[in-house]
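Note sheet for the following structure.
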Amino acid sequence: MKMHNTEIAAIFNKLADLLEIEDENPFRIRAYRNAARVISSMSKNFSDLVAENADLTEIPGIGERIAEKIKVIVKTQELPQLKDVETHTPAILSELMKIEGLGPKRVKALYNKLHIESTKDLQEAIKKGKVQKLRGFGEKTQQKIKEGLKHVTEYVKHFKLYDIIPIANSITAYLKASKNISSVECAGSYRRKKEIIGDLDFLAIAKKGTDVINHFIQFDEVAEVLSKGTTRSTVRLHSGIQVDLRVLPPISYGAALLYFTGSKAHNIHIRKLALQKKLKINEYGVFKGNKQIAGKTEEEVYKSINLPFIPPELREDHGEIEAAQKNKLPKLINLSQICGDLHCHTNATDGHDSLEIMVEAAKNKGYEYIAITDHSKHLAMTHGFDKNALLKQIKLIDRLNNKLKNITILKSIEVDILEDGSLDLPNSILKELDLTVCSIHSKFNLSSKKQTERIFRAMDNPFFNILGHPTGRLINKRQPYDANFEKIMEAAKERNCILEINSQPERLDFNDMYCKMAKDMQLKMVISTDAHSVSELDFMQLGIYQAQRGWLEASDVLNTCRLSEFRNLLKRH
DNA sequence: GCCGTTTTCGGCCCGACTGTTTTCAGTCG
């Protein structure tokens, strides 16, 4: 069994939870949590790193001790130290820590005084009113834990960015309508454009906090007010998402925006740099002693520690601060640079709109080209094309291209990669096309070796151009298929094949880490929508966000090129 | 347990809100 990075990280997080309950050295605990974060955000698999005998201590946050532990975990699937801890602190207690309102101290008290080891024990103790009698707990705390217990299963879900956008917009509009508020920004992971959002963090600039907070909690969608002070409040909406609002004066706007945008790791790194310069950064500003020397804008804060502005999409402490220090931040790609969409379906297979309507919509977006990529026959449920159906579409496109002005339709297909790595249609027809998008839609469960070789073989076909949704993952639903994506990237580079960033909200595939890895390897990429209707052509923005998080510049993405150049870059040899 | 343009020892980001307390601990972000 190959351990995945998330599983290794989970072991360190669990160890950290249990040691926290045992009141261990908080810095050691922080080191474990930090390592867990680093491990889960690495694009390269630690099992492979260990197999290659790589020096893990070169990774920031991983020292000799943790490196040793990782090796043990990879080899034995467990960590003896965790087993030791579990002999006096049951592992299940780390589950209780996930309940809102319960931290290490309270979990410890519940375990020591009431022998509570499970959510069921906890429910019963609450029913009997035992919890509120514990020292330091009280009636309200017991009630809060009772509520927390309800939500632990109900709301332990994360929201896809696309689903959150309209919610964030409606809250922004609602807050902006208040005349007490001079500006509003949705910060947090939303501003960093993460694919998954846990909660929303709003920042409002106003002279008086109380009026703003009172306005906020009266928002229609608010189901429950979790906390409410003079400058800060937390609510839960009917949709289940938690929303924080923080109110600050204009002089702190930049510092606050930086602080609430995160990520936490980015902020910690920034603050450490400030300390080296004998400065203190908090959400109110940059301070020298007691004197505020910056904070009105984010630029000001960065400048105070000799850094240029760092775009929110990069703020993960994945090297952006070091890059900024060397003045080597990427010039991130943006939507206006896209010249065409290279993955679209029509109602000839499983799309909603006709070819003509899709093309017209692409033209209205100002695109110079659009590739029509209906499915191939293997996907029977989509009424995928056989050779004759594709031929018919090719002829239709030829006719349309003769009539159309200002846009060119590229003849294409999303052809299935079959189990043996062959493509679902013969080369005799593929050679008539301008390009192919080749994708896996079946047999997701092959072994890593077989899956990797399947894709190698597909890429060996001279008519293979773009690998569609390369990892096959569906956010919150399906893991990427087991394959060695680093080797696949190397193979793509050797063969001059292209990788797709699929902009469908539940795919966003490649993810940010693979994008960055592909950029570092100087691979060619395209950003496509996989649109099944006219409205889905708008998904391009989501793909752009993902590319920005992956540090991509226009020069990394082929569909920022004009048509003639794009055609040249498509050529395999 | 990690890390180093002040360090191989001695630091480790910083503040708001709540509830249970009579001055602060616990939790959260």
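Order determines the names: the first chain of the structure tokens is A, the second B, and so forth; residues in each chain are numbered 1 upward, and ligands are numbered 1 upward as they are shown.
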Give me the residues of chain A that have any atom at most 7 Å from an atom of chain B; for each, the nearest atom pair and the distance in Å, rounded to one decimal. Use only C-alpha atoms (C1' of nucleotides), sort by chain and number, and format it as JSON lines.
```
{"residue": "A:Phe27", "atom": "CA", "partner": "B:DC12", "partner_atom": "C1'", "distance": 6.8}
{"residue": "A:Arg28", "atom": "CA", "partner": "B:DG1", "partner_atom": "C1'", "distance": 4.7}
{"residue": "A:Ala31", "atom": "CA", "partner": "B:DG1", "partner_atom": "C1'", "distance": 5.4}
{"residue": "A:Gly61", "atom": "CA", "partner": "B:DC2", "partner_atom": "C1'", "distance": 6.3}
{"residue": "A:Gly63", "atom": "CA", "partner": "B:DC2", "partner_atom": "C1'", "distance": 6.2}
{"residue": "A:Gly101", "atom": "CA", "partner": "B:DT27", "partner_atom": "C1'", "distance": 6.4}
{"residue": "A:Gly103", "atom": "CA", "partner": "B:DT27", "partner_atom": "C1'", "distance": 6.4}
{"residue": "A:Gly136", "atom": "CA", "partner": "B:DT20", "partner_atom": "C1'", "distance": 6.0}
{"residue": "A:Ser227", "atom": "CA", "partner": "B:DC17", "partner_atom": "C1'", "distance": 6.9}
{"residue": "A:Gly229", "atom": "CA", "partner": "B:DC17", "partner_atom": "C1'", "distance": 6.6}
{"residue": "A:Ile268", "atom": "CA", "partner": "B:DC13", "partner_atom": "C1'", "distance": 5.5}
{"residue": "A:Arg271", "atom": "CA", "partner": "B:DC13", "partner_atom": "C1'", "distance": 6.2}
{"residue": "A:Asn282", "atom": "CA", "partner": "B:DC14", "partner_atom": "C1'", "distance": 6.4}
```
Alpha helix (DSSP H) call set, DSSP backbone run, segment 72-304 of chain A, as an MDAnalysis selection string: chainID A and resid 72:76 80:88 93:96 104:114 119:127 138:154 161:176 188:191 209:217 253:261 264:276 298:304
Atom CA of Gly384 of chain A to atom CA of Thr349 of chain A, distance in Å rounded to a single decimal: 5.6 Å
All residues 10 Å or closer to Asn461 of chain A, only C-alpha atoms (C1' of nucleotides), same chain fewer than 2 positions away omitted, as JSON, numbers by chain: {"A": [421, 422, 423, 427, 456, 457, 458, 459, 463, 464, 465, 495]}
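Candidate residues A:Leu102, A:Glu313, A:Ala9, A:Asn25 were compared for distance to Val74 of chain A, and the nearest is A:Ala9, using only C-alpha atoms.
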Residues within 12 Å of Gln479 of chain A, only C-alpha atoms (C1' of nucleotides), excluding chain neighbours under 3 positions, as a PyMOL selection string: chain A and resi 4+6+444-445+471-476+482-483+506-507+509
Those in segment 80-280 of chain A with strand (DSSP E) from DSSP, as a PyMOL selection string: chain A and resi 159-160+181-186+196-197+199-206+222-228+232-237+242-248+280
Spatial neighbours of Leu245 of chain A, max dist 6 Å, only C-alpha atoms (C1' of nucleotides), sep filter under 6 positions, as a PyMOL selection string: chain A and resi 202-203+232-233
Using N, CA and C atoms, can you write the selected residues to a file as a tab-separated table (two decimals), in the first residue's frame?
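Done, and the output landed in result.tsv:
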```tsv
chain	number	residue	atom	x	y	z
A	202	PHE	N	-15.09	38.49	5.74
A	202	PHE	CA	-15.33	39.83	5.20
A	202	PHE	C	-14.64	40.89	6.04
A	203	LEU	N	-14.23	41.91	5.34
A	203	LEU	CA	-13.56	43.03	5.97
A	203	LEU	C	-14.34	44.28	5.56
A	232	ARG	N	-16.17	42.70	15.54
A	232	ARG	CA	-16.09	41.41	14.88
A	232	ARG	C	-17.33	40.58	15.16
A	233	SER	N	-17.76	39.80	14.17
A	233	SER	CA	-18.91	38.93	14.39
A	233	SER	C	-18.79	37.71	13.48
```
